[in-house]
$ cat work.txt   # compact mmCIF, C-alpha atoms
# COMPACT_ATOMS: atom_id res chain seq x y z
CA ALA F 1 139.04 115.84 90.83
CA LEU F 2 141.70 115.45 93.51
CA ASN F 3 143.81 118.20 91.92
CA SER F 4 140.89 120.61 92.18
CA LEU F 5 140.61 119.82 95.91
CA ILE F 6 144.25 120.10 96.94
CA GLY F 7 145.72 121.95 93.94
CA SER F 8 147.50 120.84 90.80
CA PRO F 9 151.13 119.81 91.04
CA LEU F 10 153.48 122.80 91.04
CA GLY F 11 154.09 124.12 87.55
CA TYR F 12 150.66 123.11 86.23
CA ILE F 13 147.63 125.34 85.67
CA GLY F 14 145.84 125.79 88.97
CA SER F 15 148.91 125.08 91.09
CA GLU F 16 149.16 128.64 92.35
CA ASP F 17 145.90 128.60 94.37
CA GLY F 18 146.54 125.64 96.69
CA GLY F 19 143.30 123.90 95.75
CA GLU F 20 139.61 124.59 96.20
CA LEU F 21 139.34 122.82 99.56
CA THR F 22 142.29 124.79 100.95
CA GLN F 23 140.80 128.09 99.75
CA LYS F 24 137.36 127.34 101.21
CA ILE F 25 138.79 126.32 104.58
CA ILE F 26 141.03 129.39 104.82
CA LYS F 27 138.21 131.79 103.83
CA SER F 28 135.51 130.17 105.96
CA ASN F 29 135.04 130.42 109.69
CA THR F 30 132.23 127.88 110.00
CA GLY F 31 134.15 124.72 110.86
CA ILE F 32 131.95 122.70 108.51
CA VAL F 33 132.94 121.11 105.20
CA LEU F 34 130.16 119.82 102.95
CA ILE F 35 131.07 117.30 100.28
CA ASP F 36 127.98 116.98 98.10
CA GLU F 37 127.21 113.92 95.94
CA PHE F 38 130.26 112.11 97.26
CA GLU F 39 129.41 108.96 95.31
CA LYS F 40 130.58 110.68 92.11
CA ALA F 41 134.16 110.86 93.40
CA ASP F 42 136.84 108.55 92.08
CA GLU F 43 139.14 106.22 94.01
CA LYS F 44 141.83 108.90 94.45
CA VAL F 45 139.34 111.21 96.17
CA PHE F 46 138.05 108.35 98.35
CA ASN F 47 141.65 107.63 99.39
CA PHE F 48 142.28 111.32 100.08
CA PHE F 49 139.29 111.50 102.44
CA LEU F 50 140.25 108.19 104.03
CA GLU F 51 143.61 109.72 105.00
CA LEU F 52 142.02 113.04 105.96
CA LEU F 53 139.52 111.39 108.28
CA GLU F 54 142.28 109.25 109.78
CA ASP F 55 144.82 112.04 110.33
CA GLY F 56 142.54 115.08 110.70
CA GLN F 57 144.70 117.04 108.29
CA PHE F 58 146.04 117.09 104.76
CA THR F 59 148.91 118.66 102.88
CA ASN F 60 148.03 120.68 99.80
CA ASN F 61 150.13 121.02 96.65
CA LYS F 62 152.15 123.87 98.19
CA GLY F 63 153.16 121.76 101.17
CA GLN F 64 150.82 123.59 103.57
CA CYS F 65 149.38 121.40 106.31
CA ILE F 66 145.67 122.11 106.63
CA ASN F 67 144.30 120.97 109.99
CA LEU F 68 140.64 119.92 110.15
CA ASP F 69 140.61 118.49 113.67
CA GLU F 70 137.83 120.81 114.83
CA TYR F 71 135.78 120.56 111.66
CA ILE F 72 132.61 118.66 110.95
CA ILE F 73 132.77 117.02 107.54
CA ILE F 74 129.44 116.10 105.97
CA PHE F 75 129.24 113.84 102.94
CA THR F 76 125.99 113.65 100.99
CA SER F 77 124.98 111.00 98.51
CA ASN F 78 121.99 110.14 96.37
CA LEU F 79 122.70 106.43 96.62
CA SER F 80 120.29 104.00 98.21
CA LYS F 81 121.48 102.26 101.36
CA GLU F 82 122.46 99.16 99.38
CA GLU F 83 124.24 101.16 96.67
CA PHE F 84 126.07 103.19 99.31
CA PHE F 85 127.54 100.16 101.02
CA SER F 86 128.57 98.59 97.70
CA LYS F 87 130.05 101.75 96.08
CA ILE F 88 131.83 103.47 99.00
CA PRO F 89 134.92 101.59 100.20
CA ASN F 90 134.41 99.86 103.56
CA GLU F 91 137.66 101.34 104.95
CA LEU F 92 136.20 104.80 104.37
CA ILE F 93 132.78 103.91 105.78
CA THR F 94 134.42 102.82 109.03
CA ARG F 95 135.80 106.37 109.42
CA PHE F 96 132.31 107.92 109.38
CA ASP F 97 130.96 108.72 112.84
CA TYR F 98 127.34 108.79 111.73
CA ILE F 99 125.44 107.57 108.68
CA CYS F 100 121.88 108.77 108.14
CA ASN F 101 119.53 107.28 105.58
CA PHE F 102 116.56 109.33 104.52
CA THR F 103 113.31 107.71 103.51
CA SER F 104 111.21 108.75 100.56
CA LEU F 105 108.49 111.28 101.13
CA SER F 106 105.02 109.91 101.74
CA TYR F 107 102.16 111.05 99.55
CA ASP F 108 100.78 113.16 102.42
CA GLU F 109 104.16 114.86 102.93
CA LYS F 110 104.33 115.66 99.22
CA LEU F 111 100.77 117.01 99.31
CA ASN F 112 101.48 119.18 102.35
CA TYR F 113 104.59 120.58 100.69
CA ALA F 114 102.78 121.18 97.38
CA ASP F 115 99.94 122.96 99.18
CA MET F 116 102.31 125.18 101.16
CA LYS F 117 104.53 125.99 98.16
CA THR F 118 101.56 126.70 95.87
CA LYS F 119 100.09 129.14 98.41
CA GLU F 120 103.48 130.81 98.84
CA ILE F 121 104.03 131.30 95.10
CA LEU F 122 100.47 132.41 94.42
CA SER F 123 100.62 134.98 97.23
CA LYS F 124 103.59 136.60 95.46
CA LEU F 125 101.61 136.69 92.20
CA LYS F 126 98.28 137.83 93.62
CA ASP F 127 98.42 141.19 91.79
CA LYS F 128 99.25 139.57 88.44
CA ILE F 129 96.86 136.62 88.19
CA GLU F 130 94.04 134.99 90.04
CA ILE F 131 94.26 131.24 90.26
CA ASP F 132 92.57 128.86 92.62
CA GLU F 133 95.31 126.85 94.30
CA ASN F 134 93.19 123.70 93.91
CA ASP F 135 93.38 124.10 90.13
CA ILE F 136 97.17 123.84 90.40
CA LEU F 137 97.18 121.00 92.93
CA ASN F 138 94.63 118.96 90.95
CA ASN F 139 96.90 119.08 87.89
CA LEU F 140 99.87 117.62 89.76
CA ASP F 141 100.51 113.90 89.86
CA LEU F 142 102.54 113.86 93.07
CA ASN F 143 103.28 110.15 92.69
CA LYS F 144 105.60 111.07 89.80
CA TYR F 145 107.94 113.08 92.02
CA LYS F 146 110.49 111.80 94.50
CA ASP F 147 111.62 115.09 96.00
CA VAL F 148 110.40 118.59 96.78
CA ARG F 149 112.70 120.19 94.21
CA ASN F 150 110.80 118.48 91.38
CA ILE F 151 107.44 119.17 92.99
CA LYS F 152 108.31 122.87 93.16
CA ARG F 153 109.33 122.84 89.48
CA ALA F 154 106.01 121.19 88.57
CA ILE F 155 104.07 123.81 90.54
CA ILE F 156 105.93 126.63 88.81
CA SER F 157 105.32 124.99 85.45
CA GLU F 158 101.58 124.70 86.15
CA ILE F 159 101.36 128.32 87.31
CA SER F 160 103.31 129.54 84.28
CA LYS F 161 100.64 128.00 82.02
CA TYR F 162 98.17 130.47 83.51
CA LEU F 163 100.59 133.35 83.01
CA GLU F 164 100.86 132.55 79.29
CA LEU F 165 97.13 132.85 78.71

$ encode --input "work.txt" --output "structure tokens"
Amino acid sequence: ALNSLIGSPLGYIGSEDGGELTQKIIKSNTGIVLIDEFEKADEKVFNFFLELLEDGQFTNNKGQCINLDEYIIIFTSNLSKEEFFSKIPNELITRFDYICNFTSLSYDEKLNYADMKTKEILSKLKDKIEIDENDILNNLDLNKYKDVRNIKRAIISEISKYLEL
């Protein structure tokens, strides 16, 4: 995983590109680096980011110094608060400027989203089928779903049943 970020050692496959992180930083002009699902990283990657956050720069496999002083680095995780503090090394956590914990959606928030998304999808299909949005919403057990991605999939699945008829 670390080799894909900073490049494989010279002479190995992938060594010629300088690493995925280097390429993204050079090509981008946003000043933001997003590291998604950070909890899946191994100890070497944790240590890499520990040094990066401490120094504000890193050296890739080609010896190039990549400066991230003016960048915002965002790490995302699907861990609970307790899991986060037990899995992510404390030395690394102390380098984070801000940690935000999201709460689960309430039933009303899920219902509002499902209502809005159902209307949106059905409006795009209005020339193909006629379905009462309540028929879709009544078939959803929103308590089963933790996030809007899965609610959207369930809505599409319910609507597709009507398209198959």

$ residues_around --input "work.txt" --residues "Phe38 (chain F)" --least-positions-apart "6" --cutoff "12 Å" --atoms "all atoms listed in the file" --output "PyMOL selection string"
chain F and resi 1+45-46+49+73-79+84+87-89+92

$ atom_distance --input "work.txt" --atom1 "CA of Leu142 (chain F)" --atom2 "CA of Ile129 (chain F)"
24.0 Å

$ atom_distance --input "work.txt" --atom1 "CA of Ile93 (chain F)" --atom2 "CA of Val148 (chain F)"
28.2 Å

$ atom_distance --input "work.txt" --atom1 "CA of Gln64 (chain F)" --atom2 "CA of Ile25 (chain F)"
12.4 Å

$ closest_residue --input "work.txt" --among "F:Ile151, F:Leu52, F:Leu163, F:Leu21" --to "Phe96 (chain F)" --atoms "all atoms listed in the file"
F:Leu52

$ closest_residue --input "work.txt" --among "F:Cys65, F:Arg95, F:Lys152, F:Ala114" --to "Asn134 (chain F)" --atoms "only C-alpha atoms"
F:Ala114

$ closest_residue --input "work.txt" --among "F:Tyr71, F:Ile35, F:Asn139, F:Ile159" --to "Lys126 (chain F)" --atoms "all atoms listed in the file"
F:Ile159

$ closest_residue --input "work.txt" --among "F:Ser28, F:Asn67, F:Leu50, F:Asn61" --to "Ile6 (chain F)" --atoms "all atoms listed in the file"
F:Asn61

$ residues_near_point --input "work.txt" --point "(104.7, 126.6, 88.1)" --cutoff "12 Å" --atoms "only C-alpha atoms" --output "VMD selection string"
chain F and resid 114 117 to 122 125 131 133 135 to 137 139 to 140 149 to 164

$ residues_around --input "work.txt" --residues "Ile66 (chain F)" --least-positions-apart "6" --cutoff "8 Å" --atoms "only C-alpha atoms" --output "ChimeraX atom specification"
/F:22,57-60

$ build_atoms --input "work.txt" --residues "region 96-107 of chain F" --atoms "all heavy atoms" --output "PDB file, in the coordinates of the input"
ATOM      1  N   PHE F  96     133.454 107.038 109.168  1.00  0.00           N
ATOM      2  CA  PHE F  96     132.310 107.920 109.380  1.00  0.00           C
ATOM      3  C   PHE F  96     131.773 107.715 110.796  1.00  0.00           C
ATOM      4  O   PHE F  96     131.575 106.582 111.236  1.00  0.00           O
ATOM      5  CB  PHE F  96     131.192 107.637 108.372  1.00  0.00           C
ATOM      6  CG  PHE F  96     131.559 107.912 106.932  1.00  0.00           C
ATOM      7  CD1 PHE F  96     130.894 107.257 105.908  1.00  0.00           C
ATOM      8  CD2 PHE F  96     132.539 108.817 106.589  1.00  0.00           C
ATOM      9  CE1 PHE F  96     131.207 107.503 104.575  1.00  0.00           C
ATOM     10  CE2 PHE F  96     132.869 109.073 105.271  1.00  0.00           C
ATOM     11  CZ  PHE F  96     132.199 108.417 104.261  1.00  0.00           C
ATOM     12  N   ASP F  97     131.510 108.804 111.493  1.00  0.00           N
ATOM     13  CA  ASP F  97     130.960 108.720 112.840  1.00  0.00           C
ATOM     14  C   ASP F  97     129.453 108.449 112.828  1.00  0.00           C
ATOM     15  O   ASP F  97     128.920 107.862 113.758  1.00  0.00           O
ATOM     16  CB  ASP F  97     131.209 110.013 113.621  1.00  0.00           C
ATOM     17  CG  ASP F  97     132.679 110.190 113.955  1.00  0.00           C
ATOM     18  OD1 ASP F  97     133.372 109.176 114.138  1.00  0.00           O
ATOM     19  OD2 ASP F  97     133.131 111.343 114.034  1.00  0.00           O
ATOM     20  N   TYR F  98     128.795 108.914 111.772  1.00  0.00           N
ATOM     21  CA  TYR F  98     127.340 108.790 111.730  1.00  0.00           C
ATOM     22  C   TYR F  98     126.894 108.674 110.284  1.00  0.00           C
ATOM     23  O   TYR F  98     127.356 109.429 109.422  1.00  0.00           O
ATOM     24  CB  TYR F  98     126.695 110.018 112.391  1.00  0.00           C
ATOM     25  CG  TYR F  98     125.205 109.966 112.457  1.00  0.00           C
ATOM     26  CD1 TYR F  98     124.560 109.148 113.376  1.00  0.00           C
ATOM     27  CD2 TYR F  98     124.413 110.732 111.602  1.00  0.00           C
ATOM     28  CE1 TYR F  98     123.177 109.092 113.442  1.00  0.00           C
ATOM     29  CE2 TYR F  98     123.034 110.680 111.663  1.00  0.00           C
ATOM     30  CZ  TYR F  98     122.425 109.860 112.580  1.00  0.00           C
ATOM     31  OH  TYR F  98     121.055 109.799 112.644  1.00  0.00           O
ATOM     32  N   ILE F  99     126.015 107.733 110.013  1.00  0.00           N
ATOM     33  CA  ILE F  99     125.440 107.570 108.680  1.00  0.00           C
ATOM     34  C   ILE F  99     123.926 107.669 108.833  1.00  0.00           C
ATOM     35  O   ILE F  99     123.329 106.958 109.643  1.00  0.00           O
ATOM     36  CB  ILE F  99     125.821 106.209 108.053  1.00  0.00           C
ATOM     37  CG1 ILE F  99     127.332 106.133 107.869  1.00  0.00           C
ATOM     38  CG2 ILE F  99     125.094 106.014 106.721  1.00  0.00           C
ATOM     39  CD1 ILE F  99     127.835 104.779 107.394  1.00  0.00           C
ATOM     40  N   CYS F 100     123.327 108.558 108.070  1.00  0.00           N
ATOM     41  CA  CYS F 100     121.880 108.770 108.140  1.00  0.00           C
ATOM     42  C   CYS F 100     121.261 108.452 106.793  1.00  0.00           C
ATOM     43  O   CYS F 100     121.698 108.962 105.768  1.00  0.00           O
ATOM     44  CB  CYS F 100     121.608 110.234 108.508  1.00  0.00           C
ATOM     45  SG  CYS F 100     119.874 110.643 108.579  1.00  0.00           S
ATOM     46  N   ASN F 101     120.263 107.603 106.803  1.00  0.00           N
ATOM     47  CA  ASN F 101     119.530 107.280 105.580  1.00  0.00           C
ATOM     48  C   ASN F 101     118.172 107.954 105.634  1.00  0.00           C
ATOM     49  O   ASN F 101     117.458 107.828 106.631  1.00  0.00           O
ATOM     50  CB  ASN F 101     119.322 105.758 105.468  1.00  0.00           C
ATOM     51  CG  ASN F 101     120.616 105.025 105.324  1.00  0.00           C
ATOM     52  OD1 ASN F 101     121.427 105.370 104.483  1.00  0.00           O
ATOM     53  ND2 ASN F 101     120.834 104.033 106.164  1.00  0.00           N
ATOM     54  N   PHE F 102     117.847 108.664 104.588  1.00  0.00           N
ATOM     55  CA  PHE F 102     116.560 109.330 104.520  1.00  0.00           C
ATOM     56  C   PHE F 102     115.576 108.442 103.771  1.00  0.00           C
ATOM     57  O   PHE F 102     115.947 107.763 102.823  1.00  0.00           O
ATOM     58  CB  PHE F 102     116.679 110.689 103.818  1.00  0.00           C
ATOM     59  CG  PHE F 102     117.479 111.673 104.608  1.00  0.00           C
ATOM     60  CD1 PHE F 102     118.824 111.862 104.349  1.00  0.00           C
ATOM     61  CD2 PHE F 102     116.892 112.405 105.620  1.00  0.00           C
ATOM     62  CE1 PHE F 102     119.572 112.765 105.083  1.00  0.00           C
ATOM     63  CE2 PHE F 102     117.626 113.310 106.361  1.00  0.00           C
ATOM     64  CZ  PHE F 102     118.978 113.484 106.079  1.00  0.00           C
ATOM     65  N   THR F 103     114.343 108.474 104.190  1.00  0.00           N
ATOM     66  CA  THR F 103     113.310 107.710 103.510  1.00  0.00           C
ATOM     67  C   THR F 103     112.599 108.612 102.500  1.00  0.00           C
ATOM     68  O   THR F 103     112.629 109.836 102.621  1.00  0.00           O
ATOM     69  CB  THR F 103     112.271 107.159 104.509  1.00  0.00           C
ATOM     70  OG1 THR F 103     111.694 108.257 105.219  1.00  0.00           O
ATOM     71  CG2 THR F 103     112.923 106.205 105.486  1.00  0.00           C
ATOM     72  N   SER F 104     111.968 107.983 101.558  1.00  0.00           N
ATOM     73  CA  SER F 104     111.210 108.750 100.560  1.00  0.00           C
ATOM     74  C   SER F 104     110.030 109.441 101.224  1.00  0.00           C
ATOM     75  O   SER F 104     109.508 108.979 102.239  1.00  0.00           O
ATOM     76  CB  SER F 104     110.692 107.808  99.469  1.00  0.00           C
ATOM     77  OG  SER F 104     111.770 107.218  98.801  1.00  0.00           O
ATOM     78  N   LEU F 105     109.646 110.543 100.620  1.00  0.00           N
ATOM     79  CA  LEU F 105     108.490 111.280 101.130  1.00  0.00           C
ATOM     80  C   LEU F 105     107.211 110.471 100.927  1.00  0.00           C
ATOM     81  O   LEU F 105     107.031 109.845  99.887  1.00  0.00           O
ATOM     82  CB  LEU F 105     108.350 112.614 100.400  1.00  0.00           C
ATOM     83  CG  LEU F 105     109.471 113.625 100.591  1.00  0.00           C
ATOM     84  CD1 LEU F 105     109.282 114.794  99.627  1.00  0.00           C
ATOM     85  CD2 LEU F 105     109.508 114.119 102.021  1.00  0.00           C
ATOM     86  N   SER F 106     106.334 110.539 101.896  1.00  0.00           N
ATOM     87  CA  SER F 106     105.020 109.910 101.740  1.00  0.00           C
ATOM     88  C   SER F 106     104.167 110.807 100.849  1.00  0.00           C
ATOM     89  O   SER F 106     104.469 111.985 100.637  1.00  0.00           O
ATOM     90  CB  SER F 106     104.349 109.723 103.097  1.00  0.00           C
ATOM     91  OG  SER F 106     103.968 110.986 103.630  1.00  0.00           O
ATOM     92  N   TYR F 107     103.073 110.261 100.376  1.00  0.00           N
ATOM     93  CA  TYR F 107     102.160 111.050  99.550  1.00  0.00           C
ATOM     94  C   TYR F 107     101.643 112.262 100.335  1.00  0.00           C
ATOM     95  O   TYR F 107     101.589 113.367  99.807  1.00  0.00           O
ATOM     96  CB  TYR F 107     101.000 110.198  99.043  1.00  0.00           C
ATOM     97  CG  TYR F 107     100.082 110.990  98.141  1.00  0.00           C
ATOM     98  CD1 TYR F 107     100.376 111.156  96.798  1.00  0.00           C
ATOM     99  CD2 TYR F 107      98.932 111.600  98.646  1.00  0.00           C
ATOM    100  CE1 TYR F 107      99.569 111.904  95.966  1.00  0.00           C
ATOM    101  CE2 TYR F 107      98.109 112.361  97.823  1.00  0.00           C
ATOM    102  CZ  TYR F 107      98.432 112.507  96.484  1.00  0.00           C
ATOM    103  OH  TYR F 107      97.633 113.271  95.676  1.00  0.00           O
TER     104      TYR F 107
END
